[in-house]
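Engineer: Below is the structure I would like to discuss, written out as C-alpha cells.
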Amino acid sequence: ETGPQKHEFQTEVRHLLQLMIHSLYSNKEIFLRELISNASDACDKLRFAAIADASLLGSDELAVQLIPDADAGTLTIKDNGIGMSHDDVIDNLGTIARSGTRKFMESLSGDQKKDSQLIGQFGVGFYSAFIVADKVTVRTKRADAEAVSWESDGQGEFTIEPSDKTDRGTEVVLHLRDDDKEFLEPMRLSALVRKYSDHISLPIKLANDKGEIETINQARAFWARPKSELKDEDYKQFYEQLTHDYTAPLAYAHHKVEGTIEYTSLLYIPARAPFDLWDREQSRGVQLYVKRVFIMDKAAELLPPYLRFVRGVVDTPDLPLNVSREILQGNRTVEKIKNALVKRVLDLLDDMAANRPDDYATFWQTFGPVLKEGLVEDQANQARIAKLCRFHSTASPDKADVGLEAYVARMPAEQDGIYYLTADTLAAARNSPHLEGFRARNFEVLLLTDRIDEWVVSHLTEFEGKKLESVARASKDLESKIETPEKARLEGEYQDVVERLTKVLGERVEAVRLSSRLTESPSCLVAGEYALSRRLEEMLKRAGE
Ligand code: ADP
Ligand code: MG
C-alpha cells in the first residue's frame with residue numbers, strides 16, 4: 001500500500017463532531033481533562049497487562065507529558081501507556097460510533113456548562129480535541145504492533161498510515177485553532193491540570209520556563225492519602241474525576257482498614273442516577289485496585305446488585321495481582337470485603353437519613369427502588385434496609401417519606417400490625433375502597449406502588465416484631481381489628497343478602513362476608529387469607545404462568 005488510507009467517519013460520529021464543536025466552544029478547556037483521562041486509562045491498562053508480562057513495563061515511569069510547541073502552534077498530550085494497533089485506532093477513533101454517542105447527542109441541553117459535563121459519561125471524550133484543534137494527529141504504538149498515525153480535520157474523514165514512532169504509547173497532537181493558542185501557555189496548562197486532573201494518580205509533566213520538566217499534579221493515589229490531608233472539596237473533585245459526574249455526590253466514606261484483611265475503601269453515594277441504571281446488562285460497581293495497581297472497573301463482586309448505584313474505589317493488598325472476575329466470584333477475601341462495604345454504605349445512608357433529611361429524600365427518589373431490592377436479596381441486612389425505606393401512606397399520600405420506624409411509633413395502641421395496600425398507581429391506591437374502614441379508625445396504611453413492592457412484601461413479612469398485613473386480604477384477624485359494634489346486629493339483618501349473593505356468585509368466590517372494612521362503598525373484592533394477592537395473581541397471569 002502506498003500513502004495514507006482514507007476512511008469516512010460514520011454519519012453519527014460526524015454529527016457528534018459538529019455538535020461538539022458548536023455547542024461547547026465556551027467550555028473549550030475540558031478537552032484537556034478528557035485527553036489526560038484517556039492517557040491515564042491507557043497507563044492503567046498497560047500496568048494491568050504488565051501483570052502477565054512484566055517485560056512490558058520496562059524501566060521508564062508511566063506518565064503523561066504535555067508538550068506545547070509555540071512555533072508549530074501545537075499542543076501534544078503524550079503517554080507511554082498501552083498504545084493502539086491499526087485496528088484499535090479504527091475501532092476507537094472514528095468508524096464505529098460508540099454506544100453512548102446517540103444518547104450523548106440526545107442529552108445535549110444547550111447549556112454549555114451542563115453539556116460539557118456529559119462528554120466523559122458517554123465515552124465520547126476523544127472528540128473534544130476538535131473543539132480547540134482544526135487538525136488532530138494521533139501517533140500511537142502498542143508494544144506488539146506496528147506504529148500507526150491517524151489524522152483528521154474533524155470534518156468528514158480521517159486518514160491512517162504507518163508511523164515511524166518507535167516507543168510504546170500514544171501522542172495526541174492538537175493543531176490549535178488561531179483563537180485557541182492560549183493552550184500553549186504553561187501557566188494556563190498547569191492551572192487546568194490542577195483544576196481538573198490533580199487527583200489522577202499518574203504524574204502529569206510539563207516543562208517550566210527554564211526548560212526543566214516538572215510534575216504539575218499531586219500524582220498520588222487519592223484514596224491512599226491520609227484523611228487529615230483531604231478536604232471536602234478534594235473528595236468532590238476526585239469524585240468528578242472518577243465518575244465524570246459533575247453533580248456533587250450526596251455522601252462519601254473513606255476508610256483504611258488494617259486487620260485480618262487490609263483494604264482502603266472510598267465510597268460515594270451519587271445524587272444523580274446514571275443513564276443506564278435500569279439497564280440490567282450494564283455492570284456497575286466500584287473500581288478495584290490491588291496495591292495501587294488498577295485491576296478493573298465496575299467490580300460487581302464487591303457490592304451486591306442492590307447497591308449498584310455506589311461509586312468508588314477499593315484497594316487491597318490481600319488479593320493477587322492477577323485476580324480475574326472468575327477468581328473474584330466466591331473468593332473469601334472478596335466476600336469479607338463485600339460484607340464490610342455493605343455495612344459502610346448502610347452506615348452512610350443511616351447517617352444521611354438521620355441528619356440530612358432533604359439529601360436523603362433526594363437519595364430515596366433517585367435510588368429507592370434499587371435499594372428496596374435489598375429487602376429480598378440480603379436477608380442478613382433486611383432489618384437495616386427496611387429502616388431505610390420510605391413509602392407513601394394514607395398519612396402522607398403525596399410524598400414517599402414515611403419510614404417504618406415512624407409508622408410504628410405513631411400506631412394507636414389498639415393497632416398491632418403494619419397495614420399496607422399495593423396498587424399499580426398512587427391514584428388507584430388512594431381511592432381504593434379497601435382503605436375506608438382503616439381511615440375511619442385512624443389506622444395509617446402504607447400505599448405501595450413501585451413495581452417491586454409486591455415482591456418486597458412477599459419477603460418482608462415483619463418489622464420490629466410487627467407483622468406487615470395487606471388490607472386487601474380477608475384475614476379474620478384484620479377483620480376483627482376494624483370491627484364496629486353494630487356488626488353483630490347488622491349480621492342478622494343482612495343474612496338474607498349474604499346468602500343470596502353466595503348463591504349467585506357460586507364457585508366464582510370463596511366466600512361472601514359482611515365486613516366493617518367499608519364505610520362508603522357497598523362491596524369490595526379481597527384475596528383469601530392464604531391466597532396470592534390479586535396483583536401478584538395478575539402479574540403471574542401476564543407473565544404467562
Ligand atoms: P472513553 O475514554 O470513555 O472510552 P474516549 O472517546 O475518550 O472514550 O476514547 C475512546 C477510546 O479511544 C478509548 O476507550 C481508548 O480505547 C482509545 N484511546 C483514546 N485515547 C487513548 C490513548 N491515549 N491511549 C490508548 N487508547 C486511547
Ligand atoms: Mg475518555
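Following the order of the C-alpha cells, chains are lettered A, B, ..., residues in each are numbered from 1, and ligands are numbered from 1.
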Hey, which residues come within 9 Å of ligand 1 if we count only C-alpha atoms and all ligand atoms? Could you give them as a PDB file with C-alpha atoms, in the first residue's frame?
Structural biologist:
ATOM      1  CA  GLU A  34     -10.648  14.286  28.546  1.00  0.00           C
ATOM      2  CA  LEU A  35      -7.318  13.664  26.828  1.00  0.00           C
ATOM      3  CA  ILE A  36      -5.459  13.347  30.127  1.00  0.00           C
ATOM      4  CA  SER A  37      -8.122  10.945  31.340  1.00  0.00           C
ATOM      5  CA  ASN A  38      -7.568   8.798  28.237  1.00  0.00           C
ATOM      6  CA  ALA A  39      -3.804   8.883  28.747  1.00  0.00           C
ATOM      7  CA  SER A  40      -4.269   7.824  32.346  1.00  0.00           C
ATOM      8  CA  ASP A  41      -6.616   4.977  31.331  1.00  0.00           C
ATOM      9  CA  ALA A  42      -4.021   3.835  28.791  1.00  0.00           C
ATOM     10  CA  CYS A  43      -1.349   3.691  31.520  1.00  0.00           C
ATOM     11  CA  LYS A  45      -4.270  -0.720  31.014  1.00  0.00           C
ATOM     12  CA  ILE A  77      -0.509  15.080  25.040  1.00  0.00           C
ATOM     13  CA  LYS A  78       1.880  12.174  25.239  1.00  0.00           C
ATOM     14  CA  ASP A  79       1.644   8.981  27.283  1.00  0.00           C
ATOM     15  CA  ASN A  80       3.617   5.760  27.489  1.00  0.00           C
ATOM     16  CA  GLY A  81       0.561   3.626  28.118  1.00  0.00           C
ATOM     17  CA  ILE A  82      -0.845   0.661  26.248  1.00  0.00           C
ATOM     18  CA  GLY A  83      -0.992   2.308  22.796  1.00  0.00           C
ATOM     19  CA  MET A  84      -3.232   1.259  19.902  1.00  0.00           C
ATOM     20  CA  ASP A  88      -7.732  -0.383  17.682  1.00  0.00           C
ATOM     21  CA  VAL A  89      -7.416   3.028  16.078  1.00  0.00           C
ATOM     22  CA  ASP A  91     -12.440   0.899  16.214  1.00  0.00           C
ATOM     23  CA  ASN A  92     -11.846   3.606  18.785  1.00  0.00           C
ATOM     24  CA  LEU A  93     -11.332   6.798  16.866  1.00  0.00           C
ATOM     25  CA  ARG A  98     -19.524   4.286  20.478  1.00  0.00           C
ATOM     26  CA  GLY A 100     -23.068   6.321  24.175  1.00  0.00           C
ATOM     27  CA  ILE A 119     -18.867  14.072  27.498  1.00  0.00           C
ATOM     28  CA  GLY A 120     -16.951  11.800  29.812  1.00  0.00           C
ATOM     29  CA  GLN A 121     -20.058   9.895  30.874  1.00  0.00           C
ATOM     30  CA  PHE A 122     -20.960   8.822  27.383  1.00  0.00           C
ATOM     31  CA  GLY A 123     -17.489   7.755  26.229  1.00  0.00           C
ATOM     32  CA  VAL A 124     -17.030  10.410  23.562  1.00  0.00           C
ATOM     33  CA  GLY A 125     -14.212  12.355  25.203  1.00  0.00           C
ATOM     34  CA  PHE A 126     -11.610  11.935  22.485  1.00  0.00           C
ATOM     35  CA  TYR A 127     -13.621  14.025  20.032  1.00  0.00           C
ATOM     36  CA  SER A 128     -13.465  17.033  22.328  1.00  0.00           C
ATOM     37  CA  VAL A 138      -2.580  10.677  16.804  1.00  0.00           C
ATOM     38  CA  THR A 140       0.448   5.502  18.604  1.00  0.00           C
ATOM     39  CA  LYS A 141       2.186   2.187  19.150  1.00  0.00           C
ATOM     40  CA  ARG A 142       1.364  -0.948  21.039  1.00  0.00           C
ATOM     41  CA  GLY A 169       2.312   4.736  23.851  1.00  0.00           C
ATOM     42  CA  THR A 170       0.275   7.490  22.284  1.00  0.00           C
ATOM     43  CA  GLU A 171       0.844  11.104  21.262  1.00  0.00           C
ATOM     44  CA  VAL A 172      -2.195  13.227  20.522  1.00  0.00           C
TER      45      VAL A 172
END
Engineer: Show me, as a PyMOL selection string, the residues that have an atom within 10 Å of Asp164 (chain A) when counting only C-alpha atoms, minus same-chain residues fewer than 6 positions from it.
Structural biologist: chain A and resi 139-141+146-149
Engineer: The selected residues should be written to file as an mmCIF file, in the first residue's frame (atoms: N, CA and C atoms).
Structural biologist:
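result-v8.cif was written with the following content:
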data_model
loop_
_atom_site.group_PDB
_atom_site.id
_atom_site.type_symbol
_atom_site.label_atom_id
_atom_site.label_comp_id
_atom_site.auth_asym_id
_atom_site.auth_seq_id
_atom_site.Cartn_x
_atom_site.Cartn_y
_atom_site.Cartn_z
ATOM 1 N N ARG A 139 -0.382 9.701 16.998
ATOM 2 C CA ARG A 139 0.650 8.703 16.684
ATOM 3 C C ARG A 139 0.683 7.718 17.831
ATOM 4 N N THR A 140 0.599 6.453 17.512
ATOM 5 C CA THR A 140 0.448 5.502 18.604
ATOM 6 C C THR A 140 1.093 4.169 18.283
ATOM 7 N N LYS A 141 1.554 3.498 19.350
ATOM 8 C CA LYS A 141 2.186 2.187 19.150
ATOM 9 C C LYS A 141 1.913 1.268 20.329
ATOM 10 N N GLU A 146 2.737 -2.677 14.912
ATOM 11 C CA GLU A 146 3.379 -1.583 14.183
ATOM 12 C C GLU A 146 2.765 -0.251 14.608
ATOM 13 N N ALA A 147 3.592 0.791 14.586
ATOM 14 C CA ALA A 147 3.063 2.113 14.936
ATOM 15 C C ALA A 147 2.181 2.646 13.809
ATOM 16 N N VAL A 148 1.128 3.377 14.183
ATOM 17 C CA VAL A 148 0.273 3.996 13.163
ATOM 18 C C VAL A 148 0.041 5.465 13.478
ATOM 19 N N SER A 149 -0.287 6.195 12.420
ATOM 20 C CA SER A 149 -0.591 7.602 12.578
ATOM 21 C C SER A 149 -1.994 7.848 12.027
#
Engineer: For ligand 2, which of A:Leu206, A:Met296, A:Ala383, A:Leu242 is the closest residue, counting only C-alpha atoms and all ligand atoms?
Structural biologist: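 Once distances to ligand 2 are computed over only C-alpha atoms and all ligand atoms, the minimum belongs to A:Leu242.
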Engineer: Applying 8 Å and only C-alpha atoms, which residues near Lys113 (chain A) remain after dropping the ones on its own chain fewer than 4 positions away? List them as a list in words.
Structural biologist: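 Neighbouring residues, sequence-local ones excluded: Leu24, Asn27 and Gln117 of chain A.
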Engineer: Would you export the selected residues with N, CA and C atoms as a compact mmCIF listing (two decimals), in the first residue's frame, please?
Structural biologist:
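Result file is part-v7.txt:
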# COMPACT_ATOMS: atom_id res chain seq x y z
N LEU A 24 -19.94 23.49 22.43
CA LEU A 24 -19.10 23.54 23.63
C LEU A 24 -17.98 24.58 23.58
N ASN A 27 -16.80 26.26 26.66
CA ASN A 27 -16.19 25.41 27.70
C ASN A 27 -15.07 24.59 27.12
N GLN A 117 -20.25 18.58 30.68
CA GLN A 117 -20.07 17.58 31.73
C GLN A 117 -20.53 16.20 31.29
Engineer: For the alpha helix (DSSP H) assignment from backbone DSSP, which residues of region 213-365 of chain A qualify? Please present them as a VMD selection string.
Structural biologist: chain A and resid 232 to 243 325 to 328 332 to 355 357 to 365
Engineer: Please save C-alpha atoms of the selected residues as a JSON list (two decimals), in the first residue's frame.
Structural biologist:
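In the end it all went to out-v5.json:
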[["chain", "number", "residue", "atom", "x", "y", "z"],
["A", 232, "ASP", "CA", -14.43, 18.10, 51.34],
["A", 233, "GLU", "CA", -13.60, 19.91, 48.11],
["A", 234, "ASP", "CA", -10.87, 17.36, 47.31],
["A", 235, "TYR", "CA", -13.29, 14.49, 47.74],
["A", 236, "LYS", "CA", -15.71, 16.16, 45.37],
["A", 237, "GLN", "CA", -13.03, 16.76, 42.79],
["A", 238, "PHE", "CA", -11.87, 13.16, 42.96],
["A", 239, "TYR", "CA", -15.46, 12.04, 42.53],
["A", 240, "GLU", "CA", -15.69, 14.05, 39.32],
["A", 241, "GLN", "CA", -12.50, 12.52, 38.02],
["A", 242, "LEU", "CA", -13.62, 9.05, 38.92],
["A", 243, "THR", "CA", -17.15, 9.16, 37.60],
["A", 325, "ARG", "CA", -13.56, -11.79, 37.57],
["A", 326, "GLU", "CA", -13.72, -15.57, 37.85],
["A", 327, "ILE", "CA", -11.41, -15.53, 40.87],
["A", 328, "LEU", "CA", -13.41, -12.73, 42.49],
["A", 332, "ARG", "CA", -13.37, -15.47, 50.73],
["A", 333, "THR", "CA", -11.39, -12.25, 50.96],
["A", 334, "VAL", "CA", -13.72, -10.60, 48.47],
["A", 335, "GLU", "CA", -16.71, -11.89, 50.40],
["A", 336, "LYS", "CA", -15.37, -10.33, 53.63],
["A", 337, "ILE", "CA", -14.58, -7.01, 52.00],
["A", 338, "LYS", "CA", -18.01, -7.01, 50.41],
["A", 339, "ASN", "CA", -19.75, -7.56, 53.74],
["A", 340, "ALA", "CA", -17.78, -4.73, 55.26],
["A", 341, "LEU", "CA", -18.56, -2.40, 52.35],
["A", 342, "VAL", "CA", -22.28, -3.14, 52.64],
["A", 343, "LYS", "CA", -22.12, -2.08, 56.30],
["A", 344, "ARG", "CA", -20.29, 1.12, 55.35],
["A", 345, "VAL", "CA", -22.87, 2.04, 52.76],
["A", 346, "LEU", "CA", -25.76, 1.33, 55.11],
["A", 347, "ASP", "CA", -24.00, 3.40, 57.81],
["A", 348, "LEU", "CA", -23.68, 6.27, 55.36],
["A", 349, "LEU", "CA", -27.35, 6.05, 54.48],
["A", 350, "ASP", "CA", -28.39, 5.80, 58.16],
["A", 351, "ASP", "CA", -26.42, 8.91, 58.89],
["A", 352, "MET", "CA", -27.89, 10.81, 55.96],
["A", 353, "ALA", "CA", -31.43, 9.73, 56.84],
["A", 354, "ALA", "CA", -30.97, 10.85, 60.44],
["A", 355, "ASN", "CA", -29.11, 14.10, 59.91],
["A", 357, "PRO", "CA", -33.44, 14.50, 55.56],
["A", 358, "ASP", "CA", -33.50, 16.66, 52.40],
["A", 359, "ASP", "CA", -30.49, 14.90, 50.93],
["A", 360, "TYR", "CA", -31.96, 11.61, 51.98],
["A", 361, "ALA", "CA", -35.19, 12.45, 50.16],
["A", 362, "THR", "CA", -33.13, 13.11, 47.02],
["A", 363, "PHE", "CA", -31.37, 9.81, 47.50],
["A", 364, "TRP", "CA", -34.61, 7.95, 48.03],
["A", 365, "GLN", "CA", -36.23, 9.48, 44.99]]
Engineer: What's around Gln287 (chain A) at 10 Å? Count only C-alpha atoms, leave out sequence neighbours fewer than 4 positions away in its own chain, and write the answer as a list in words.
Structural biologist: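 Everything that qualifies: Leu242, Ser265, Leu266, Phe294, Ile295, Met296, Asp297, Lys298, Ala299, Ala300, Leu302, Arg311, Gly312, Val313, Val314 and Asp315 of chain A.
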Engineer: Write to file, as a PDB file, in the first residue's frame, the residues of the selection just made, with C-alpha atoms.
Structural biologist:
ATOM      1  CA  LEU A 242     -13.617   9.049  38.923  1.00  0.00           C
ATOM      2  CA  SER A 265     -12.230   1.989  50.537  1.00  0.00           C
ATOM      3  CA  LEU A 266     -13.576   5.274  49.294  1.00  0.00           C
ATOM      4  CA  PHE A 294      -5.677  -0.725  38.657  1.00  0.00           C
ATOM      5  CA  ILE A 295      -7.297  -4.134  38.202  1.00  0.00           C
ATOM      6  CA  MET A 296     -10.804  -3.460  36.959  1.00  0.00           C
ATOM      7  CA  ASP A 297     -13.634  -1.048  36.606  1.00  0.00           C
ATOM      8  CA  LYS A 298     -17.064  -1.997  37.840  1.00  0.00           C
ATOM      9  CA  ALA A 299     -16.002  -4.876  40.030  1.00  0.00           C
ATOM     10  CA  ALA A 300     -19.566  -6.040  40.546  1.00  0.00           C
ATOM     11  CA  LEU A 302     -17.523  -6.133  45.672  1.00  0.00           C
ATOM     12  CA  ARG A 311     -19.304   4.533  43.092  1.00  0.00           C
ATOM     13  CA  GLY A 312     -15.779   4.484  44.428  1.00  0.00           C
ATOM     14  CA  VAL A 313     -12.506   2.689  44.814  1.00  0.00           C
ATOM     15  CA  VAL A 314     -11.357  -0.323  46.787  1.00  0.00           C
ATOM     16  CA  ASP A 315      -7.648  -1.026  47.088  1.00  0.00           C
TER      17      ASP A 315
END
Engineer: I'd like the contact shell of Glu151 (chain A) - 8 Å cut-off, only C-alpha atoms, skipping same-chain residues fewer than 6 positions apart - returned as JSON, numbers by chain.
Structural biologist: {"A": [135, 136, 137, 138, 158, 159, 160]}
Engineer: With C-alpha atoms retained, write the just-selected residues as a JSON list (two decimals), in the first residue's frame.
Structural biologist:
[["chain", "number", "residue", "atom", "x", "y", "z"],
["A", 135, "LYS", "CA", -6.44, 19.17, 12.86],
["A", 136, "VAL", "CA", -5.57, 16.29, 15.19],
["A", 137, "THR", "CA", -2.75, 13.80, 14.65],
["A", 138, "VAL", "CA", -2.58, 10.68, 16.80],
["A", 158, "PHE", "CA", -9.67, 10.65, 8.61],
["A", 159, "THR", "CA", -6.52, 9.01, 7.29],
["A", 160, "ILE", "CA", -4.36, 6.23, 8.66]]
Engineer: Considering only C-alpha atoms and all ligand atoms, can you say which of A:His199, A:Lys227, A:His244, A:His86 comes closest to ligand 2?
Structural biologist: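 Among the listed residues, the smallest separation from ligand 2 belongs to A:His244.
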Engineer: So which residues touch Gln18 (chain A) within 10 Å, counting only C-alpha atoms, skipping near sequence neighbours fewer than 4 positions away, as an MDAnalysis selection string?
Structural biologist: chainID A and resid 13:14 22:23 130:131 154:155
Engineer: Which residues, written as an MDAnalysis selection string, have at least one atom at most 8 Å from Thr502 (chain A), with only C-alpha atoms counted and residues fewer than 3 positions away on the same chain left out?
Structural biologist: chainID A and resid 498:499 505:506 511:512
Engineer: Give me a file of those residues, with C-alpha atoms, as a short mmCIF file (atom, residue, chain, number, x, y, z; two decimals), in the first residue's frame.
Structural biologist:
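selection12.cif was written with the following content:
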data_model
loop_
_atom_site.label_atom_id
_atom_site.label_comp_id
_atom_site.auth_asym_id
_atom_site.auth_seq_id
_atom_site.Cartn_x
_atom_site.Cartn_y
_atom_site.Cartn_z
CA VAL A 498 -75.26 -12.58 52.07
CA GLU A 499 -76.97 -15.88 51.35
CA LEU A 505 -71.66 -15.84 42.76
CA GLY A 506 -71.31 -19.54 43.45
CA ALA A 511 -66.98 -16.69 50.44
CA VAL A 512 -69.26 -13.68 50.78
#
Engineer: For the interface of region 211-298 of chain A with region 179-191 of chain A (cut-off 10 Å, counting only C-alpha atoms), please tabulate each contacting residue of region 211-298 of chain A alongside its nearest pair of atoms and their separation in Å to one decimal, rows sorted by chain and increasing number, as a tab-separated table.
Structural biologist:
residue	atom	partner	partner_atom	distance
A:Thr215	CA	A:Ser190	CA	9.5
A:Ile216	CA	A:Ser190	CA	6.2
A:Asn217	CA	A:Ser190	CA	8.0
Engineer: Name the closest residue to Pro270 (chain A) among the candidates A:Asp378, A:Glu229, A:Lys195, A:Phe367; distances are taken between atoms, counting only C-alpha atoms.
Structural biologist: A:Phe367
Engineer: According to DSSP computed on the backbone, where in region 344-538 of chain A is there strand (DSSP E)? Give the residues as a list in words.
Structural biologist: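 The strand (DSSP E) subset of region 344-538 of chain A is His392, Ser393, Ile418, Tyr419, Tyr420, Leu421, Thr422, Val445, Leu446, Leu447, Leu448, Glu462, Phe463, Lys466, Lys467, Leu468, Glu469 and Ser470 of chain A.
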Engineer: Could you write out the selected residues, including C-alpha atoms, as a PDB file, in the first residue's frame?
Structural biologist:
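To be explicit, this is the file written out as result09.pdb:
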ATOM      1  CA  HIS A 392     -46.381   6.801  50.677  1.00  0.00           C
ATOM      2  CA  SER A 393     -49.140   6.281  53.210  1.00  0.00           C
ATOM      3  CA  ILE A 418     -48.353  -2.652  59.813  1.00  0.00           C
ATOM      4  CA  TYR A 419     -51.043  -2.205  57.178  1.00  0.00           C
ATOM      5  CA  TYR A 420     -50.325  -1.771  53.507  1.00  0.00           C
ATOM      6  CA  LEU A 421     -52.059  -1.710  50.183  1.00  0.00           C
ATOM      7  CA  THR A 422     -50.352  -2.465  46.887  1.00  0.00           C
ATOM      8  CA  VAL A 445     -51.999   2.361  55.662  1.00  0.00           C
ATOM      9  CA  LEU A 446     -48.837   2.289  53.544  1.00  0.00           C
ATOM     10  CA  LEU A 447     -49.545   2.775  49.844  1.00  0.00           C
ATOM     11  CA  LEU A 448     -47.124   0.670  47.818  1.00  0.00           C
ATOM     12  CA  GLU A 462     -42.461  -8.153  59.675  1.00  0.00           C
ATOM     13  CA  PHE A 463     -40.680  -5.135  61.077  1.00  0.00           C
ATOM     14  CA  LYS A 466     -44.951  -6.090  63.829  1.00  0.00           C
ATOM     15  CA  LYS A 467     -46.481  -8.130  61.043  1.00  0.00           C
ATOM     16  CA  LEU A 468     -46.985  -6.499  57.654  1.00  0.00           C
ATOM     17  CA  GLU A 469     -50.574  -7.094  56.620  1.00  0.00           C
ATOM     18  CA  SER A 470     -52.329  -6.352  53.369  1.00  0.00           C
TER      19      SER A 470
END
